[in-house]
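One structure below.
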Amino acid sequence: MVCFSPRHDLTLPELDLPAVENVLSTWAKHSADMAAEDYIQYVQVFENKGAMMGCSNPHPHSQLWAQSQLPNEIVKELATQTEYFKQNNRPLLVDYVQEEHKRKDRILFSNDHFTALVPYWAVWPFEVLVTAHRPSASLKELSSTEISALAEVFKQVTTRYDNLFEISFPYSMGFHQAPADGQPHPEWVLHAHFYPPLLRSSTVRKFMVGYEMLAMPQRDITPETAAERLRSLSDVHYKHKSTCDKD
């Protein structure tokens, strides 16, 4: 478990940028240490934020799990990215982000090294994908400049989440890194998924039941609408706004 701060009341969006960078650097170091073990094939970094997402420890924190086999989602992503790379000699996610930047309407925030967007395949109402702009197999491959850029994107995304309904916005977030198999992975682009459950307010959540569970998920709002709502929010956390700003 990796705690974000000695304070029990500070979540990622309420940390300053150097503190977020420290969290990311800690994830990178521990991921690399775990991946160095011969029997480890994959390291999953993730955060379950809020009781709604099953978080039982009130101190904001994340977890790293290491395992000897590839998990199902990574097997699928590896197959897709590998096939695309074989056909095009380019990473799938690099090309995908470029296409999204041409459209612009699903982009939430971007800097020189990372982009946050609501993907067209999003299932959760305010789902966000954060992806690197270059092939990068894991967190440990990021430069200090890229760590800073990723911290900026994480703070932008999580602050807007909290500002949406002016609560500590629940979600499950996780990085998808390449397999820790000691092989080169030119097809892989480091990325993170944010899966938040809230739909229309701080108390109305989306449930995967009935048709969605047995047939296929349904969108409650379009990805473009979700991106526009998040983009329109301030990048200043609602708790830090002055009384004048609120009036």
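Please note that chains go A, B, ... in the order of the structure tokens, that every chain numbers its residues from 1, and that ligands are numbered from 1 in the order shown.
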
Spatial neighbours of range 71-82 of chain A, 9 Å, only C-alpha atoms, chain gap at least 5 places, as a ChimeraX atom specification: /A:42,87,91-93,176-179,185-189

Could you give me, as a VMD selection string, each residue of range 22-143 of chain A that DSSP assigns to helix (DSSP H, G or I) when run on this structure's backbone? chain A and resid 22 to 35 51 to 53 72 to 88 92 to 103 139 to 141

To test your reading of the structure, identify every residue in range 86-242 of chain A that backbone DSSP assigns to strand (DSSP E), and report it as a PDB file with N, CA and C atoms, in the first residue's frame.
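Just written: part.pdb:
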```
ATOM      1  N   ILE A 107     -11.172  15.424 -25.944  1.00  0.00           N
ATOM      2  CA  ILE A 107      -9.966  15.732 -25.185  1.00  0.00           C
ATOM      3  C   ILE A 107     -10.345  16.523 -23.939  1.00  0.00           C
ATOM      4  N   LEU A 108      -9.819  16.097 -22.789  1.00  0.00           N
ATOM      5  CA  LEU A 108     -10.057  16.794 -21.533  1.00  0.00           C
ATOM      6  C   LEU A 108      -8.906  17.727 -21.192  1.00  0.00           C
ATOM      7  N   PHE A 109      -7.689  17.217 -21.266  1.00  0.00           N
ATOM      8  CA  PHE A 109      -6.515  18.027 -20.960  1.00  0.00           C
ATOM      9  C   PHE A 109      -5.297  17.374 -21.608  1.00  0.00           C
ATOM     10  N   SER A 110      -4.333  18.198 -21.999  1.00  0.00           N
ATOM     11  CA  SER A 110      -3.140  17.658 -22.640  1.00  0.00           C
ATOM     12  C   SER A 110      -1.958  18.574 -22.397  1.00  0.00           C
ATOM     13  N   PHE A 114       1.516  13.908 -22.173  1.00  0.00           N
ATOM     14  CA  PHE A 114       0.359  13.072 -21.857  1.00  0.00           C
ATOM     15  C   PHE A 114      -0.939  13.755 -22.262  1.00  0.00           C
ATOM     16  N   THR A 115      -1.939  12.931 -22.529  1.00  0.00           N
ATOM     17  CA  THR A 115      -3.281  13.418 -22.849  1.00  0.00           C
ATOM     18  C   THR A 115      -4.293  12.683 -21.992  1.00  0.00           C
ATOM     19  N   ALA A 116      -5.263  13.433 -21.492  1.00  0.00           N
ATOM     20  CA  ALA A 116      -6.423  12.857 -20.814  1.00  0.00           C
ATOM     21  C   ALA A 116      -7.636  13.076 -21.705  1.00  0.00           C
ATOM     22  N   LEU A 117      -8.390  12.021 -21.955  1.00  0.00           N
ATOM     23  CA  LEU A 117      -9.561  12.121 -22.827  1.00  0.00           C
ATOM     24  C   LEU A 117     -10.641  11.153 -22.373  1.00  0.00           C
ATOM     25  N   VAL A 128     -12.281   8.225 -17.996  1.00  0.00           N
ATOM     26  CA  VAL A 128     -11.168   8.969 -18.602  1.00  0.00           C
ATOM     27  C   VAL A 128      -9.992   8.033 -18.850  1.00  0.00           C
ATOM     28  N   LEU A 129      -9.367   8.215 -19.988  1.00  0.00           N
ATOM     29  CA  LEU A 129      -8.127   7.524 -20.333  1.00  0.00           C
ATOM     30  C   LEU A 129      -7.000   8.549 -20.317  1.00  0.00           C
ATOM     31  N   VAL A 130      -5.919   8.248 -19.604  1.00  0.00           N
ATOM     32  CA  VAL A 130      -4.709   9.076 -19.610  1.00  0.00           C
ATOM     33  C   VAL A 130      -3.616   8.264 -20.295  1.00  0.00           C
ATOM     34  N   THR A 131      -3.066   8.788 -21.372  1.00  0.00           N
ATOM     35  CA  THR A 131      -2.085   8.007 -22.124  1.00  0.00           C
ATOM     36  C   THR A 131      -0.871   8.854 -22.507  1.00  0.00           C
ATOM     37  N   ALA A 132       0.273   8.177 -22.570  1.00  0.00           N
ATOM     38  CA  ALA A 132       1.511   8.835 -22.969  1.00  0.00           C
ATOM     39  C   ALA A 132       1.500   9.123 -24.463  1.00  0.00           C
ATOM     40  N   TYR A 171     -13.717   6.820  -7.541  1.00  0.00           N
ATOM     41  CA  TYR A 171     -13.335   6.165  -8.805  1.00  0.00           C
ATOM     42  C   TYR A 171     -12.430   4.984  -8.501  1.00  0.00           C
ATOM     43  N   SER A 172     -12.236   4.144  -9.493  1.00  0.00           N
ATOM     44  CA  SER A 172     -11.138   3.194  -9.513  1.00  0.00           C
ATOM     45  C   SER A 172     -10.215   3.608 -10.652  1.00  0.00           C
ATOM     46  N   MET A 173      -8.926   3.721 -10.336  1.00  0.00           N
ATOM     47  CA  MET A 173      -7.930   4.117 -11.325  1.00  0.00           C
ATOM     48  C   MET A 173      -6.828   3.076 -11.345  1.00  0.00           C
ATOM     49  N   GLY A 174      -6.323   2.772 -12.521  1.00  0.00           N
ATOM     50  CA  GLY A 174      -5.199   1.857 -12.590  1.00  0.00           C
ATOM     51  C   GLY A 174      -4.353   2.078 -13.823  1.00  0.00           C
ATOM     52  N   PHE A 175      -3.043   1.882 -13.676  1.00  0.00           N
ATOM     53  CA  PHE A 175      -2.129   1.942 -14.812  1.00  0.00           C
ATOM     54  C   PHE A 175      -2.066   0.594 -15.506  1.00  0.00           C
ATOM     55  N   HIS A 176      -1.986   0.626 -16.817  1.00  0.00           N
ATOM     56  CA  HIS A 176      -1.702  -0.567 -17.593  1.00  0.00           C
ATOM     57  C   HIS A 176      -0.294  -0.448 -18.139  1.00  0.00           C
ATOM     58  N   HIS A 191      -0.493   3.746 -20.068  1.00  0.00           N
ATOM     59  CA  HIS A 191      -1.737   4.489 -19.934  1.00  0.00           C
ATOM     60  C   HIS A 191      -2.428   4.122 -18.630  1.00  0.00           C
ATOM     61  N   ALA A 192      -3.366   4.966 -18.227  1.00  0.00           N
ATOM     62  CA  ALA A 192      -4.141   4.741 -17.010  1.00  0.00           C
ATOM     63  C   ALA A 192      -5.620   4.919 -17.320  1.00  0.00           C
ATOM     64  N   HIS A 193      -6.448   4.105 -16.682  1.00  0.00           N
ATOM     65  CA  HIS A 193      -7.899   4.192 -16.819  1.00  0.00           C
ATOM     66  C   HIS A 193      -8.499   4.725 -15.520  1.00  0.00           C
ATOM     67  N   PHE A 194      -9.421   5.680 -15.633  1.00  0.00           N
ATOM     68  CA  PHE A 194     -10.231   6.141 -14.509  1.00  0.00           C
ATOM     69  C   PHE A 194     -11.662   5.666 -14.744  1.00  0.00           C
ATOM     70  N   TYR A 195     -12.208   4.904 -13.789  1.00  0.00           N
ATOM     71  CA  TYR A 195     -13.574   4.406 -13.887  1.00  0.00           C
ATOM     72  C   TYR A 195     -14.388   4.954 -12.706  1.00  0.00           C
TER      73      TYR A 195
END
```

Surrounding residues of range 229-236 of chain A excluding itself and chain neighbours under 2 positions, 9 Å, only C-alpha atoms, as a PyMOL selection string: chain A and resi 107-109+126+155-157+159-161+163-164+224-227+238-241

Two-atom distance - CA of Phe85 in chain A, CA of Glu99 in chain A (Å):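 Separation of CA of Phe85 in chain A and CA of Glu99 in chain A: 16.4 Å.
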
Taking only C-alpha atoms into account, which of A:Pro13, A:Val2, A:Asn22, A:Val209 comes nearest Val45 in chain A? A:Val2

Neighbours of Asp95 in chain A within 10 Å (only C-alpha atoms; same-chain residues fewer than 5 positions away dropped), as a list in words?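 These residues fall inside the cut-off: Asn88, Arg90, Glu100, His133 and Arg134 of chain A.
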
Would you mind listing what lies within 10 Å of range 139-141 of chain A as an mmCIF file with C-alpha atoms, in the first residue's frame, with only C-alpha atoms counted and same-chain residues fewer than 2 positions away left out?
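Just written: part_6.cif:
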```
data_model
loop_
_atom_site.group_PDB
_atom_site.id
_atom_site.type_symbol
_atom_site.label_atom_id
_atom_site.label_comp_id
_atom_site.auth_asym_id
_atom_site.auth_seq_id
_atom_site.Cartn_x
_atom_site.Cartn_y
_atom_site.Cartn_z
ATOM 1 C CA LEU A 24 4.124 8.758 -9.183
ATOM 2 C CA SER A 25 7.838 8.274 -8.550
ATOM 3 C CA THR A 26 7.019 5.898 -5.690
ATOM 4 C CA TRP A 27 4.733 3.870 -7.968
ATOM 5 C CA ALA A 28 7.495 3.744 -10.578
ATOM 6 C CA LYS A 29 10.146 2.588 -8.091
ATOM 7 C CA HIS A 30 8.047 -0.101 -6.447
ATOM 8 C CA SER A 31 6.735 -1.314 -9.815
ATOM 9 C CA ALA A 32 10.305 -1.715 -11.034
ATOM 10 C CA ASP A 33 11.378 -3.492 -7.830
ATOM 11 C CA VAL A 45 -0.832 -0.114 -9.791
ATOM 12 C CA PRO A 135 5.894 4.245 -26.660
ATOM 13 C CA SER A 136 6.676 3.576 -22.997
ATOM 14 C CA ALA A 137 6.353 0.146 -21.447
ATOM 15 C CA SER A 143 11.874 10.710 -17.413
ATOM 16 C CA SER A 144 11.629 13.266 -14.606
ATOM 17 C CA GLU A 146 7.440 13.105 -18.035
ATOM 18 C CA ILE A 147 6.708 12.368 -14.364
ATOM 19 C CA PHE A 175 -2.129 1.942 -14.812
ATOM 20 C CA HIS A 176 -1.702 -0.567 -17.593
ATOM 21 C CA GLN A 177 1.984 -1.313 -17.979
ATOM 22 C CA ALA A 178 3.578 -3.807 -20.346
ATOM 23 C CA LEU A 190 1.778 3.423 -20.858
ATOM 24 C CA HIS A 191 -1.737 4.489 -19.934
#
```

Proximity to Cys55 in chain A - best of A:Pro217, A:Pro125, A:Pro18, A:Pro170, only C-alpha atoms: A:Pro170

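In this model, the gap between CA of Leu150 in chain A and CA of Asn111 in chain A comes to 8.7 Å.
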
Separation of CA of Phe46 in chain A from CA of Lys104 in chain A in Å: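 Computing the Euclidean distance for CA of Lys104 in chain A and CA of Phe46 in chain A yields 27.8 Å.
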
Selection near Gly182 in chain A, 12 Å with only C-alpha atoms, sequence-local residues under 5 positions removed, as a PyMOL selection string: chain A and resi 32+35-42+137-138

Find the residues around Ser5 in chain A up to 9 Å (only C-alpha atoms counted), leave out those fewer than 6 positions away in its own chain, and share them as a PyMOL selection string. chain A and resi 11+15+19+23+59-61

Keeping only N, CA and C atoms, take the residues you just selected and write them out as a short mmCIF file (atom, residue, chain, number, x, y, z; two decimals), in the first residue's frame.
```
data_model
loop_
_atom_site.label_atom_id
_atom_site.label_comp_id
_atom_site.auth_asym_id
_atom_site.auth_seq_id
_atom_site.Cartn_x
_atom_site.Cartn_y
_atom_site.Cartn_z
N THR A 11 -6.56 13.93 -0.57
CA THR A 11 -6.58 13.02 -1.70
C THR A 11 -5.71 13.61 -2.81
N LEU A 15 -3.40 17.51 -3.23
CA LEU A 15 -1.96 17.60 -3.04
C LEU A 15 -1.37 18.63 -4.00
N ALA A 19 4.03 16.86 -4.56
CA ALA A 19 3.56 15.70 -3.81
C ALA A 19 2.98 14.64 -4.75
N VAL A 23 4.28 10.71 -5.45
CA VAL A 23 3.44 9.51 -5.51
C VAL A 23 3.77 8.72 -6.78
N HIS A 59 -7.67 6.59 4.98
CA HIS A 59 -6.47 7.33 4.60
C HIS A 59 -6.25 7.15 3.10
N PRO A 60 -6.27 8.23 2.30
CA PRO A 60 -6.09 8.11 0.85
C PRO A 60 -4.83 7.33 0.50
N HIS A 61 -5.00 6.30 -0.32
CA HIS A 61 -3.87 5.41 -0.61
C HIS A 61 -4.10 4.68 -1.93
#
```

I'd like to know which of A:Ser168, A:Leu70, A:Leu142, A:Pro223 is closest to Asp9 in chain A, using only C-alpha atoms. A:Ser168
